[in-house]
Structure formats: structure tokens, C-alpha cells
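Below is one structure, written out as C-alpha cells; the observations come after it.
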Protein chains: 2
Amino acid sequence: MNHNNSYDFETIREEALQNILELLDDKKYFKARDEILKLNAPDIADILDEIEQEEGEQAVILFRLLPKDISVDVFAELSSDDQIKIVNIITDKELDYIIKELDFDDKIDILEELPANVVDKILEKTPKNERKMINTFLNYPDTSAGSLMTPDYISLQKDWTVERAMRHIKEVGMDAETIYTCYVKDAGRKLIGIVSLSTLVVSDDNTKIKDIMRTEYVYESVYNDQEVVASDFVKYGFLALPIVDNEHRLVGIVTVDDILDVIEEETTEDFERMNGVLDFDTVERDYLDISVLRHVMNRLPWLVILMVSYVVTGSVISKYEILISDQSSLVVYMPMLMGTAGNTGSQAATLVIRGIATGEILTKDVFRVLSKEFRVGAVIGIVLSVLNFFRIWLLEGQPSSIAFTVCVSMLAIVIFAKVLGSMIPLIAKTCKIDPALIANPAISSISDTVTCMTYFTMAAIFLGV
Amino acid sequence: MNHNNSYDFETIREEALQNILELLDDKKYFKARDEILKLNAPDIADILDEIEQEEGEQAVILFRLLPKDISVDVFAELSSDDQIKIVNIITDKELDYIIKELDFDDKIDILEELPANVVDKILEKTPKNERKMINTFLNYPDTSAGSLMTPDYISLQKDWTVERAMRHIKEVGMDAETIYTCYVKDAGRKLIGIVSLSTLVVSDDNTKIKDIMRTEYVYESVYNDQEVVASDFVKYGFLALPIVDNEHRLVGIVTVDDILDVIEEETTEDFERMNGVLDFDTVERDYLDISVLRHVMNRLPWLVILMVSYVVTGSVISKYEILISDQSSLVVYMPMLMGTAGNTGSQAATLVIRGIATGEILTKDVFRVLSKEFRVGAVIGIVLSVLNFFRIWLLEGQPSSIAFTVCVSMLAIVIFAKVLGSMIPLIAKTCKIDPALIANPAISSISDTVTCMTYFTMAAIFLGV
């Protein structure tokens with residue numbers, strides 16, 4: 001192992017990849033396998049993905065040479081494209097083993113993404129009671145707490161001693177992330193308390209569970225959206241949260257490692273939506289794996305919607321064609337005014353959208369936000385107007401009437417755009433529309449039209465046309 | 001407790017807040033305290049923050065009435081503004097208690113944000129060896145692994161038995177998040193292995209630590225950036241990672257709950273930077289707490305930089321003033337072309353920036369990205385051109401020469417903007433500049449200018465001017 005300060009896993013992975021590709025070229029499969037086994041499962045999955053892209057089939061051969069237990073961990077980390085390729089090539093026996101050994105939550109994730117015929121093939125061979133549970137889990141909405149949870153958790157009884165509880169944990173022994181909080185249920189499977197493994201470890205052997213369990217705890221409904229669950233994890237810093245049904249029966253737990261993936265997914269969605277990329281495909285996929293056609297489908301709707309708004313802006317402009325052909329230097333400042341309005345509005349929208357997402361800005365704060373943005377807009381508007389007045393009048397030698405037209409418009413539209421940009425996300429939130437989805441198209445279309453109207457109205461006034 | 005399906009903590013907190021405000025109005029402080037104690041520390045901190053905004057001093061009174069141990073947890077969750085207010089009002093004895101009881105990593109976070117005179121006051125009363133350690137920790141760069149870690153972790157020795165190790169853990173007993181992975185060091189304090197509490201719990205009492213510890217593990221250098229640390233947490237799904245110095249000595253650990261905060265912070269920064277908001281203040285603050293002046297300072301630089309680019313665009317346009325006054329209907333389509341170029345470029349940039357952030361797109365993928373965006377741009381450009389040709393020629397009754405000018409320009413600039421938008425983040429990455437910071441200003445300035453030049457050149461050709 002490299003104990004160097006500048007040690008980084010990306011470099012190591014890149015070196016390993018080159019090494020393995022060479023070994024594969026020489027058909028030294030077992031040496032390649034030994035090389036890849038030096039890495040962690042997520043890195044092995046990354047490397048197989050890259051081999052798949054460069055050498056195709058070789059990736060599957062290498063996958064099949066992995067020790068069985070490791071192949072399961074690696075399979076769980078692969079992209080769904082690669083999973084499908086592997087499922088189609090490996091024997092039924094190999095597939096059975098993988099499906100059997102996968103953690104329950106990974107199994108559900110994978111079954112959700114595989115084609116129906118493959119899922120049927122897998123379910124056929126699953127014992128009946130597990131098949132029933134899988135079907136229940138598959139039926140939870142795609143982005144609900146139910147779709148994230150695992151039914152593998154440690155149940156304790158309130159009358160047990162710590163010693164008995166520790167023995168029980170030793171017997172059922174489970175994955176690291178699911179063992180650290182234990183759950184206490186009553187006879188009706190209702191959740192009555194939680195106790196952490198660290199509390200158990202530091203408590204006396206004879207202490208009763210009911211005396212150390214916490215009865216005030218945070219939990220989530222199985223139908224809560226994954227965004228709500230994620231923000232509670234961030235807020236409280238938990239490692240796991242219990243998920244209950246309508247009768248407060250414990251149905252599963254969500255662990256923090258899955259939440260990290262949810263946060264990454266939700267962040268990507270927000271980024272994309274704010275910048276006009278919609279993803280209609282519910283299966284999460286990587287940029288490079290998405291086809292050209294799907295990229296077009298994801299991006300075209302927003303551009304076409306904006307087309308409609310440009311038609312409106314265009315028709316405003318066409319009303320002033322005589323003014324424009326008379327005073328064509330007005331056109332020189334149009335891109336600046338329209339661009340600045342859009343940019344300044346999107347600054348305000350970004351801050352408010354992020355404030356809403358992190359829970360800092362609530363609907364009731366609307367007047368505080370309004371007042372702040374009005375003042376921020378006024379200051380920025382004045383600064384930009386003064387700067388532009390000198391540029392246009394002194395540097396570019398335009399008549400002061402043109403400079404006045406531009407600067408008064410600038411002040412008005414910057415204030416307008418700040419207020420608009422900050423209010424649209426709050427309005428969207430009230431209407432239960434995702435603010436990230438609606439903000440930028442709404443801001444550009446409204447601010448473009450308002451900018452043109454303001455500018456040409458001012459021009460008509462100041463230029464006395 | 002409410003066992004309702006639609007149970008949500010925001011509503012509960014809001015009800016509690018109203019309740020407490022009424023009790024405070026009636027000067028029923030102890031009743032208010034009992035009410036607030038029904039909540040978790042992060043919620044108590046939120047409510048105190050709201051009381052502070054509405055009733056000022058009352059928040060501090062309420063804080064001082066909290067049981068000592070809870071007041072420490074609540075203090076750690078407060079915003080730094082509120083912390084400073086409390087530090088200035090409470091007695092030295094109260095402050096000593098809080099500082100003494102805070103988790104080490106929270107203590108460092110708070111000391112980093114408090115004014116120097118308050119920090120000195122606190123450090124004076126800290127025992128010498130702890131003071132030394134605090135100073136070491138305060139010296140790690142602000143966004144490094146060193147600034148996130150805590151020195152509170154469990155050390156085991158490789159020759160201990162599991163039974164001895166469990167006894168040791170019971171004796172030192174620590175916070176939940178730091179207990180779940182234990183670290184094995186050699187005589188020179190070098191990290192030689194890790195063992196999880198779950199492994200200890202399920203192992204036989206007489207097993208030696210060296211036989212169950214993992215010697216291949218992921219770790220981070222103390223100088224690694226927090227973004228690198230966070231992305232390893234996301235990738236591997238760890239609960240904690242060991243942090244080592246240049247000699248591979250274990251100096252601390254970073255836990256996943258702190259990483260959740262880092263991810264939120266880094267996401268906010270990326271969102272803001274992509275939309276032209278810079279935050280010069282290293283102390284993290286909330287939107288509503290930031291003054292109007294600071295909001296202006298955060299947003300003005302980007303707008304002023306773009307002004308310069310609008311001057312360039314404006315000077316391109318002014319070269320065509322004669323053409324414009326002759327064919328003023330050309331102006332009608334300018335906002336559409338410039339807006340579409342900017343939007344389509346920022347779609348491409350968003351996908352590439354996000355791909356870089358999640359590690360999916362590497363520098364070596366540049367040609368694959370280029371080829372994909374070229375094709376996506378061509379398809380989108382053709383669709384938008386055809387749509388517009390019919391609108392301009394058939395619906396608006398413009399001469400086909402104008403329609404041709406607009407449509408050929410549209411195709412060219414959409415392809416150009418897609419390629420530009422996807423390449424700028426990759427170029428920025430190669431130059432070690434944050435892609436989120438540079439992408440949008442660079443795209444708008446370059447694409448505005450190129451759009452105007454293309455459009456008027458086409459106009460000169462098709463309109464035969």
C-alpha cells in the first residue's frame with residue numbers, strides 16, 4: 001500500500017485498469033483476476049464497467065472468475081446495463097446464487113431495474129414467502145421510503161436482558177450497517193422503542209432492554225418521499241431510521257449508506273431540472289450510457305416551451321419595429337438588458353430554491369424574502385445603472401437620452417427580476433410543484449417579455465418618439 | 001406521539017413554536033421549557049433560532065433553563081450568530097461546562113467560527129494538552145479532512161482478545177457514531193488495521209484482534225479536500241473513515257454524520273456558483289441571516305464580469321446597425337437565438353459538471369462527450385430549425401430569406417453551444433478551476449457573441465445586403 005500524502009484512489013484504479021487490460025490482451029485471465037481482487041467491490045465494478053466499454057465480453061469472463069461471495073458484492077455495484085448483460089450470459093445456477101446472497105434492499109433495487117422476463121425468471125425460483133415480501137416491496141412507490149428500506153434489522157424484546165440481547169445479535173449476525181440500531185416491538189409488531197448497539201455494549205449484562213430503550217425517536221412512514229427521509233438523516237445525523245406503516249408497525253429500516261445515494265440522485269435531478277434537463281427515464285443512468293435520442297428527448301421539451309415564450313417576446317419587439325429602424329443603436333443594449341435580467345433573476349431563484357431544499361426558507365418567510373430581494377435588487381440595479389451610464393454616455397459617446405433609457409430600464413428590470421426570481425420558487429412550493437423544475441423557464445420567459453416592454457416604453461419616453 | 005400517516009416533523013415543530021411563544025408571552029418560562037424539551041436537540045435549536053428572531057432575549061433565557069446536558073447538544077446545533085449571542089450573555093461557568101462537554105469535532109467547528117477574543121477566553125481555561133491539540137486541529141485547512149475529524153476513536157491492540165476489546169470499549173464508552181469502527185495501531189501509532197464493532201460482537205470471546213482485523217481498508221490523508229472524502233463515503237457507503245498523516249499515523253476519524261453536512265454545503269456551493277452567486281464569507285450562513293450588503297457583494301462580481309461580455313456583443317451588433325435599420329424584423333428573432341444558445345449550452349454544461357462531480361466523466365472521456373454533444377446538438381438544432389421555419393414563413397408571413405437566415409443560424413449555434421457547453425467544464429477541470437464556477441459566465445459570453453456574428457453574417461448572405 002502506498003502511504004504517500006498524495007495517495008488517491010482514482011490514480012490507483014487507473015493503473016490497475018491498464019494492468020488488467022494488458023493481462024486480458026494476453027489472455028492471462030487468472031492473473032487479471034488476482035489483480036482486480038486487490039480492490040474493493042465498488043472499484044472492481046467501476047473497472048469491469050470500463051473493460052465492458054473497451055473490450056465487451058471480457059468483462060463478463062472476468063466477472064465469472066471472481067470468488068462467489070465477492071461476485072455478489074460487485075454485482076450489486078454494477079450499472080443496470082451491465083447487470084442485464086451479465087444476467088443474460090451467466091448460468092441459472094450462478095444467477096440463483098447471486099440473487100440469494102444479495103442484501104434484500106439491493107435485491108429490490110436490481111429487480112426494479114431488470115426487464116420483466118428476467119424478473120419472472122428470478123422470482124420463479126424464490127421461496128414463496130420471500131417472493132411475497134419481494135412483491136410487497138416492489139409495490140412501494142419508486143421514490144418512497146418503502147423502496148429504500150430493508151426488512152433485515154435486529155428485533156429485541158423489551159423484557160430481555162442486555163446479555164440475552166447480545167447473544168441474540170451474535171446469533172442472527174448481520175451486515176454492519178443494519179446492526180447498529182436495534183428495534184423493540186410489542187406483540188402486535190408495533191414499534192415501541194429503539195436501542196443502539198453502543199448503548200447495549202456499555203450497559204450492564206443484567207439491565208432490561210425496556211430500561212435503556214429510547215421511546216422518543218424519529219421514524220418515517222413507508223410512503224414518505226425519499227427526499228423527506230434524506231433531509232431528516234442530514235438534520236439528525238442518524239445511521240438508520242425505522243420505517244413504519246399506517247398502524248405504526250415496523251416494516252423495515254433505511255440505512256445512511258443508501259441515503260448517500262439518494263442525496264446524490266436528488267442533487268443531480270435538481271441540477272438538471274434547474275438547467276432545463278428533464279429525465280423521463282425512471283431508471284437512473286449515466287451520461288455516457290444514455291443514447292443520443294434519449295438525450296434529445298430529455299432536453300428538447302424545455303427548449304420548445306421556451307420557444308413559445310420567445311414568440312411572445314418577438315411579438316412585443318415587432319410592435320416597436322419603426323422605433324428600432326429609426327434608432328437602431330437601441331438594439332446594441334438589448335442583449336445586455338435581457339441577459340442581466342435573466343442572470344440576476346436566476347441568482348435570486350437559486351438561493352431561494354436551495355433555502356427551500358435545506359429547510360431554511362419556509363413559506364411563511366415570503367415577506368422577509370421579498371423585502372430582502374427588493375433591497376438587494378435596488379442596490380445592484382443602481383450600481384449597474386451608474387456603471388452603464390458612464391460607459392454609454394462618456395465612452396461610447398451616445399446621446400444622454402439613450403444612456404438614460406438603458407439605465408432607467410436596467411434599474412427597473414433588475415429589481416423586477418430579483419423579486420420575480422425569489423417569488424417563483426415560493427409560489428411553486430405552495431402549488432406543490434418542484435421549484436427547481438419551474439424556476440428558470442418561468443423567469444426567462446417573463447423577464448424577457450417584461451424587459452422588452454420596459455426598454456421600448458422608456459425609449460419612447462426618453463427619445464420622445 | 002402521533003401515529004398518523006401524514007405525520008411530519010415540520011408541522012409538529014410549528015405547533016410547538018406557537019405554543020412556546022404564547023407561554024413566553026405569559027412569562028411562563030418553566031412551562032415553555034417543558035414544552036421545548038419534548039423535541040430533539042436539532043429541533044430545539046431551530047425553535048430557539050425562530051424565537052431569537054421574533055422575541056430576541058427570550059431565546060437566551062430559555063436556553064439557560066435547559067438541563068445542562070441537553071444545552072450542550074442544542075448549543076452545537078445553533079447557528080454561529082446565535083452561539084456568539086449566547087457566549088456573550090452566559091456566565092463563565094456555564095460556558096466552561098458547554099465547552100468541556102462538546103464533542104471534540106463540534107468544539108473545533110465552533111471555535112473556528114467564534115471571534116478571536118472569545119476563543120482566547122475559552123482556550124485560557126482549557127487544560128494544556130487539550131489546548132495543544134485544539135490548536136493543531138484549528139490549523140488544518142478549512143475544507144480539509146483534518147478540519148472534519150475527531151480524535152475520539154476507539155484504539156485496540158492487535159494482541160488483545162475480543163473479550164478484552166469489548167471490556168475496553170465499555171470502559172471508554174463513547175458517542176454512537178464514533179464507536180462502530182475500532183482502530184488498531186502499532187507501537188509507532190501507525191494504523192495497521194480496522195475492526196468493526198459488529199465483527200467484535202459476532203466473534204468468539206477468545207479470538208485475537210489481529211485475526212479479525214481488516215488490513216486492507218480505505219483511509220484519507222489529513223490534507224485531502226473534504227469533497228474527496230465525501231465522495232469516498234458515497235462510493236463505499238462507510239460509517240467512518242480513518243484519517244492519517246504523512247507517516248501513516250492515525251490522527252483522527254471522520255464520521256458519516258459530518259459528511260452529510262459537508263455534502264449539503266458543497267451542493268449549495270455548486271448550485272450557487274453555477275448560477276453566479278459567489279460566497280466570499282467562509283463562515284457558512286443562512287440566506288435570511290445574510291445582510292443586504294453581503295448579498296450584493298456575493299452577486300455583483302458575476303454580473304459585472306458579464307457586463308464586459310455584453311460590451312463585446314454590443315460592439316458586434318453596432319457593426320450591423322445599417323443592416324438592422326434596413327431589416328428591423330431581424331431584431332424580432334434575436335432574443336430567441338441568443339436565449340436558445342445560452343440554454344442549450346447550459347444544459348450540456350450541467351450534465352458534464354454533474355458527471356465530473358459524481359466521478360462518472362473523466363478527462364479522458366473528452367472525445368466521447370464531444371461526439372455525443374455534437375450529435376445531440378445536430379438533432380436538436382434540426383428540430384428547432386424546422387419548427388421555426390414553418391412558424392416564421394407560414395404563420396408570421398415573413399419572407400423565406402428571413403426564415404432561412406434564422407433557421408440556418410439556429411442549427412449552427414445549437415451545435416456550437418452544445419459543444420462549447422460540454423467542453424468548458426472539462427477544460428476547467430484540466431486547469432484545476434471549479435467547473436461550476438466558470439461554466440455559465442463563459443458560455444453566455446462566448447455564445448452571445450458567436451450568435452450575433454453568425455446571425456448577422458447569415459443575414460448578409462441570405463438577404464443579399
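All residue names refer to the C-alpha cells as shown: chains lettered A, B, ... in order, residues numbered from 1 in each chain, ligands numbered from 1 in order.
Near Thr143 in chain A, within 8 Å and counting only C-alpha atoms, sit Pro141, Ala145, Ser147, Leu148, Asp225 and Gln226 of chain A, not including residues fewer than 2 positions from it in the same chain.
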Got time to write the residues from that selection, N, CA, C and O atoms, as an mmCIF file, in the first residue's frame?
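Contents of again16.cif, as written:
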```cif
data_model
loop_
_atom_site.group_PDB
_atom_site.id
_atom_site.type_symbol
_atom_site.label_atom_id
_atom_site.label_comp_id
_atom_site.auth_asym_id
_atom_site.auth_seq_id
_atom_site.Cartn_x
_atom_site.Cartn_y
_atom_site.Cartn_z
ATOM 1 N N PRO A 141 -44.092 2.982 -3.943
ATOM 2 C CA PRO A 141 -43.739 3.938 -4.994
ATOM 3 C C PRO A 141 -42.221 4.091 -5.113
ATOM 4 O O PRO A 141 -41.505 3.973 -4.121
ATOM 5 N N ALA A 145 -39.967 5.941 0.960
ATOM 6 C CA ALA A 145 -39.149 5.283 1.977
ATOM 7 C C ALA A 145 -39.230 3.760 1.804
ATOM 8 O O ALA A 145 -38.239 3.052 1.964
ATOM 9 N N SER A 147 -39.338 2.017 -0.822
ATOM 10 C CA SER A 147 -38.480 1.477 -1.872
ATOM 11 C C SER A 147 -37.013 1.450 -1.450
ATOM 12 O O SER A 147 -36.185 0.864 -2.119
ATOM 13 N N LEU A 148 -36.692 2.127 -0.351
ATOM 14 C CA LEU A 148 -35.294 2.214 0.109
ATOM 15 C C LEU A 148 -34.985 1.232 1.220
ATOM 16 O O LEU A 148 -33.841 0.929 1.499
ATOM 17 N N ASP A 225 -41.731 10.544 1.009
ATOM 18 C CA ASP A 225 -40.826 10.660 -0.127
ATOM 19 C C ASP A 225 -39.373 10.534 0.337
ATOM 20 O O ASP A 225 -39.032 10.968 1.440
ATOM 21 N N GLN A 226 -38.540 9.955 -0.520
ATOM 22 C CA GLN A 226 -37.141 9.754 -0.133
ATOM 23 C C GLN A 226 -36.422 11.075 0.181
ATOM 24 O O GLN A 226 -35.483 11.097 0.968
#
```
Using only C-alpha atoms, find each residue in chain A having at least one atom no more than 6 Å away from chain B; report its shortest atom-to-atom pair and that distance in Å (one decimal), rows by chain then rising number, as a tab-separated table.
```
residue	atom	partner	partner_atom	distance
A:Asn5	CA	B:Asn246	CA	5.3
A:Lys170	CA	B:Val202	CA	4.5
A:Ala176	CA	B:Ser198	CA	5.7
A:Ser198	CA	B:Ala176	CA	5.7
A:Val202	CA	B:Lys170	CA	4.5
A:Val234	CA	B:Leu260	CA	5.5
A:Gly237	CA	B:Asp257	CA	4.6
A:Asn246	CA	B:Asn5	CA	5.3
A:Asp257	CA	B:Gly237	CA	4.5
A:Leu260	CA	B:Val234	CA	5.5
A:Asn275	CA	B:Gln347	CA	5.6
A:Val292	CA	B:Val376	CA	5.6
A:Val296	CA	B:Val376	CA	5.9
A:Tyr310	CA	B:Met336	CA	5.3
A:Gly314	CA	B:Val332	CA	4.6
A:Ile317	CA	B:Val332	CA	5.6
A:Ser318	CA	B:Val332	CA	5.9
A:Glu321	CA	B:Ser328	CA	5.8
A:Ser325	CA	B:Ser325	CA	3.9
A:Ser328	CA	B:Ser325	CA	5.5
A:Val332	CA	B:Gly314	CA	4.6
A:Met336	CA	B:Tyr310	CA	5.3
A:Gln347	CA	B:Asn275	CA	5.6
A:Val376	CA	B:Val292	CA	5.6
```
Strand (DSSP E) per DSSP on the backbone: members of range 16-237 of chain B, as a PDB file with C-alpha atoms, in the first residue's frame:
```
ATOM      1  CA  ILE B 154     -11.515   3.524  19.922  1.00  0.00           C
ATOM      2  CA  SER B 155      -7.964   2.125  19.773  1.00  0.00           C
ATOM      3  CA  LEU B 156      -7.402  -1.575  20.197  1.00  0.00           C
ATOM      4  CA  THR B 181     -15.308   1.064  13.895  1.00  0.00           C
ATOM      5  CA  CYS B 182     -12.268   0.414  16.082  1.00  0.00           C
ATOM      6  CA  TYR B 183      -8.685   1.065  15.020  1.00  0.00           C
ATOM      7  CA  VAL B 184      -5.568  -0.974  15.611  1.00  0.00           C
ATOM      8  CA  LYS B 185      -2.238   0.870  15.823  1.00  0.00           C
ATOM      9  CA  LEU B 191      -2.558   2.451  11.623  1.00  0.00           C
ATOM     10  CA  ILE B 192      -2.288  -1.283  10.921  1.00  0.00           C
ATOM     11  CA  GLY B 193      -5.896  -2.437  10.779  1.00  0.00           C
ATOM     12  CA  ILE B 194      -9.550  -1.746  11.450  1.00  0.00           C
ATOM     13  CA  VAL B 195     -12.236  -3.878  13.018  1.00  0.00           C
ATOM     14  CA  SER B 196     -15.927  -3.070  13.182  1.00  0.00           C
ATOM     15  CA  GLU B 220      -7.748   9.554   3.815  1.00  0.00           C
ATOM     16  CA  SER B 221      -4.831  11.913   4.223  1.00  0.00           C
TER      17      SER B 221
END
```
Report task. For Ile61 in chain B, work out the shell of residues within 9 Å, counting only C-alpha atoms and skipping chain neighbours fewer than 4 positions away, then give it as a PyMOL selection string. Result -> chain B and resi 29+57+65
Report task. Compile the contact shell of Val162 in chain A as a PyMOL selection string: residues with an atom at most 6 Å away, counting only C-alpha atoms, same-chain residues fewer than 3 positions apart removed. Result -> chain A and resi 165+205-207
Query raised in the report: DSSP on the backbone: what in range 188-237 of chain A comes out helix (DSSP H, G or I), as number ranges by chain?
Result: A: 197-202, 209-212, 226-236
What's the 9 Å shell around range 15-24 of chain B, counting only C-alpha atoms, without same-chain residues fewer than 6 positions away, as a PDB file with N, CA, C and O atoms, in the first residue's frame?
```
ATOM      1  N   PHE B  30     -40.912  28.182  32.740  1.00  0.00           N
ATOM      2  CA  PHE B  30     -40.671  26.773  33.021  1.00  0.00           C
ATOM      3  C   PHE B  30     -41.594  25.873  32.208  1.00  0.00           C
ATOM      4  O   PHE B  30     -41.192  24.823  31.731  1.00  0.00           O
ATOM      5  N   LYS B  31     -42.836  26.344  32.040  1.00  0.00           N
ATOM      6  CA  LYS B  31     -43.746  25.589  31.173  1.00  0.00           C
ATOM      7  C   LYS B  31     -43.216  25.553  29.740  1.00  0.00           C
ATOM      8  O   LYS B  31     -43.282  24.542  29.058  1.00  0.00           O
ATOM      9  N   ALA B  32     -42.690  26.695  29.282  1.00  0.00           N
ATOM     10  CA  ALA B  32     -42.125  26.762  27.926  1.00  0.00           C
ATOM     11  C   ALA B  32     -40.966  25.780  27.803  1.00  0.00           C
ATOM     12  O   ALA B  32     -40.815  25.080  26.798  1.00  0.00           O
ATOM     13  N   ARG B  33     -40.151  25.723  28.867  1.00  0.00           N
ATOM     14  CA  ARG B  33     -39.025  24.801  28.835  1.00  0.00           C
ATOM     15  C   ARG B  33     -39.498  23.351  28.728  1.00  0.00           C
ATOM     16  O   ARG B  33     -38.999  22.562  27.923  1.00  0.00           O
ATOM     17  N   GLU B  35     -42.154  22.276  27.474  1.00  0.00           N
ATOM     18  CA  GLU B  35     -42.696  22.082  26.131  1.00  0.00           C
ATOM     19  C   GLU B  35     -41.567  21.805  25.124  1.00  0.00           C
ATOM     20  O   GLU B  35     -41.621  20.873  24.330  1.00  0.00           O
ATOM     21  N   ILE B  36     -40.534  22.632  25.199  1.00  0.00           N
ATOM     22  CA  ILE B  36     -39.445  22.527  24.208  1.00  0.00           C
ATOM     23  C   ILE B  36     -38.646  21.238  24.422  1.00  0.00           C
ATOM     24  O   ILE B  36     -38.095  20.674  23.469  1.00  0.00           O
ATOM     25  N   LEU B  39     -38.833  17.910  22.335  1.00  0.00           N
ATOM     26  CA  LEU B  39     -38.253  17.782  20.995  1.00  0.00           C
ATOM     27  C   LEU B  39     -36.797  17.324  21.055  1.00  0.00           C
ATOM     28  O   LEU B  39     -36.168  17.347  22.110  1.00  0.00           O
ATOM     29  N   ILE B  47     -36.044  25.995  16.917  1.00  0.00           N
ATOM     30  CA  ILE B  47     -37.073  26.805  17.584  1.00  0.00           C
ATOM     31  C   ILE B  47     -36.441  27.984  18.320  1.00  0.00           C
ATOM     32  O   ILE B  47     -36.937  29.118  18.247  1.00  0.00           O
ATOM     33  N   LEU B  48     -35.322  27.752  18.990  1.00  0.00           N
ATOM     34  CA  LEU B  48     -34.645  28.870  19.661  1.00  0.00           C
ATOM     35  C   LEU B  48     -34.264  29.935  18.640  1.00  0.00           C
ATOM     36  O   LEU B  48     -34.382  31.130  18.894  1.00  0.00           O
ATOM     37  N   GLU B  50     -35.806  30.644  15.893  1.00  0.00           N
ATOM     38  CA  GLU B  50     -37.005  31.406  15.495  1.00  0.00           C
ATOM     39  C   GLU B  50     -37.445  32.350  16.612  1.00  0.00           C
ATOM     40  O   GLU B  50     -37.885  33.468  16.346  1.00  0.00           O
ATOM     41  N   ILE B  51     -37.347  31.880  17.861  1.00  0.00           N
ATOM     42  CA  ILE B  51     -37.708  32.747  18.986  1.00  0.00           C
ATOM     43  C   ILE B  51     -36.763  33.951  19.017  1.00  0.00           C
ATOM     44  O   ILE B  51     -37.184  35.091  19.207  1.00  0.00           O
ATOM     45  N   GLU B  55     -38.421  37.296  19.276  1.00  0.00           N
ATOM     46  CA  GLU B  55     -38.521  37.835  20.634  1.00  0.00           C
ATOM     47  C   GLU B  55     -37.161  38.180  21.247  1.00  0.00           C
ATOM     48  O   GLU B  55     -37.092  38.560  22.410  1.00  0.00           O
ATOM     49  N   GLN B  58     -35.478  36.472  24.876  1.00  0.00           N
ATOM     50  CA  GLN B  58     -36.227  35.340  25.425  1.00  0.00           C
ATOM     51  C   GLN B  58     -35.551  34.004  25.080  1.00  0.00           C
ATOM     52  O   GLN B  58     -35.595  33.061  25.876  1.00  0.00           O
ATOM     53  N   LEU B  62     -34.517  31.059  27.719  1.00  0.00           N
ATOM     54  CA  LEU B  62     -34.988  29.686  27.568  1.00  0.00           C
ATOM     55  C   LEU B  62     -33.805  28.719  27.478  1.00  0.00           C
ATOM     56  O   LEU B  62     -33.807  27.650  28.097  1.00  0.00           O
TER      57      LEU B  62
END
```
Query raised in the report: Skipping near chain neighbours, those fewer than 2 positions away, what residues fall within 10 Å of Asp109 in chain B using only C-alpha atoms, listed as a PyMOL selection string?
Result: chain B and resi 76+80+104-107+111-114+137-138+142+147-148
I need the chosen residues saved as a JSON list (two decimals), in the first residue's frame, with N, CA, C and O atoms.
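What ended up in selection16.json:
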```
[["chain", "number", "residue", "atom", "x", "y", "z"],
["B", 76, "ALA", "N", -24.49, 22.98, 20.15],
["B", 76, "ALA", "CA", -23.75, 22.51, 18.97],
["B", 76, "ALA", "C", -24.56, 22.67, 17.69],
["B", 76, "ALA", "O", -24.00, 22.82, 16.61],
["B", 80, "SER", "N", -23.99, 30.05, 14.09],
["B", 80, "SER", "CA", -22.90, 30.70, 14.82],
["B", 80, "SER", "C", -23.30, 32.07, 15.35],
["B", 80, "SER", "O", -22.81, 32.50, 16.39],
["B", 104, "PHE", "N", -15.41, 16.68, 20.45],
["B", 104, "PHE", "CA", -14.24, 17.41, 20.00],
["B", 104, "PHE", "C", -14.43, 18.06, 18.64],
["B", 104, "PHE", "O", -14.05, 19.21, 18.43],
["B", 105, "ASP", "N", -15.06, 17.35, 17.70],
["B", 105, "ASP", "CA", -15.20, 17.94, 16.36],
["B", 105, "ASP", "C", -16.17, 19.13, 16.35],
["B", 105, "ASP", "O", -15.94, 20.12, 15.65],
["B", 106, "ASP", "N", -17.22, 19.05, 17.19],
["B", 106, "ASP", "CA", -18.12, 20.20, 17.31],
["B", 106, "ASP", "C", -17.39, 21.40, 17.93],
["B", 106, "ASP", "O", -17.58, 22.54, 17.53],
["B", 107, "LYS", "N", -16.54, 21.08, 18.92],
["B", 107, "LYS", "CA", -15.78, 22.14, 19.59],
["B", 107, "LYS", "C", -14.92, 22.90, 18.58],
["B", 107, "LYS", "O", -14.90, 24.14, 18.56],
["B", 111, "LEU", "N", -15.19, 26.79, 17.61],
["B", 111, "LEU", "CA", -14.05, 27.68, 17.83],
["B", 111, "LEU", "C", -13.63, 28.37, 16.53],
["B", 111, "LEU", "O", -13.20, 29.52, 16.54],
["B", 112, "GLU", "N", -13.76, 27.64, 15.41],
["B", 112, "GLU", "CA", -13.39, 28.24, 14.12],
["B", 112, "GLU", "C", -14.26, 29.44, 13.78],
["B", 112, "GLU", "O", -13.85, 30.33, 13.07],
["B", 113, "GLU", "N", -15.51, 29.42, 14.29],
["B", 113, "GLU", "CA", -16.43, 30.47, 13.88],
["B", 113, "GLU", "C", -16.56, 31.61, 14.89],
["B", 113, "GLU", "O", -17.04, 32.68, 14.56],
["B", 114, "LEU", "N", -16.13, 31.37, 16.13],
["B", 114, "LEU", "CA", -16.27, 32.41, 17.15],
["B", 114, "LEU", "C", -15.19, 33.49, 16.96],
["B", 114, "LEU", "O", -14.12, 33.22, 16.43],
["B", 137, "PHE", "N", -5.61, 21.13, 15.54],
["B", 137, "PHE", "CA", -6.80, 20.92, 14.71],
["B", 137, "PHE", "C", -7.24, 22.21, 14.03],
["B", 137, "PHE", "O", -7.68, 22.20, 12.89],
["B", 138, "LEU", "N", -7.13, 23.34, 14.76],
["B", 138, "LEU", "CA", -7.55, 24.62, 14.17],
["B", 138, "LEU", "C", -6.66, 25.00, 12.99],
["B", 138, "LEU", "O", -7.04, 25.78, 12.15],
["B", 142, "ASP", "N", -9.28, 24.85, 6.12],
["B", 142, "ASP", "CA", -10.70, 24.93, 6.43],
["B", 142, "ASP", "C", -11.55, 23.82, 5.81],
["B", 142, "ASP", "O", -12.52, 23.38, 6.40],
["B", 147, "SER", "N", -9.96, 19.20, 9.19],
["B", 147, "SER", "CA", -10.90, 20.10, 9.85],
["B", 147, "SER", "C", -12.21, 19.39, 10.21],
["B", 147, "SER", "O", -13.03, 19.92, 10.93],
["B", 148, "LEU", "N", -12.41, 18.20, 9.66],
["B", 148, "LEU", "CA", -13.67, 17.47, 9.90],
["B", 148, "LEU", "C", -13.53, 16.40, 10.98],
["B", 148, "LEU", "O", -14.52, 15.94, 11.54]]
```
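By chain and then residue number, the residues within 9 Å of Asp49 in chain B are Ile44, Ala45, Gln53, Glu54, Ala59, Leu78, Ser79 and Asp82 of chain B, counting only C-alpha atoms and disregarding those fewer than 4 positions away in sequence.
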Could you please take those selected residues and save C-alpha atoms as a PDB file, in the first residue's frame?
```
ATOM      1  CA  ILE B  44     -34.890  22.772  19.854  1.00  0.00           C
ATOM      2  CA  ALA B  45     -32.088  24.687  18.132  1.00  0.00           C
ATOM      3  CA  GLN B  53     -35.727  36.361  15.549  1.00  0.00           C
ATOM      4  CA  GLU B  54     -39.145  37.184  16.955  1.00  0.00           C
ATOM      5  CA  ALA B  59     -34.305  32.705  23.445  1.00  0.00           C
ATOM      6  CA  LEU B  78     -27.258  26.536  16.818  1.00  0.00           C
ATOM      7  CA  SER B  79     -26.178  28.918  14.054  1.00  0.00           C
ATOM      8  CA  ASP B  82     -26.837  32.556  17.983  1.00  0.00           C
TER       9      ASP B  82
END
```
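For the atom pair formed by CA of Leu437 in chain B and CA of Val419 in chain B, the distance is 18.2 Å, given to one decimal.
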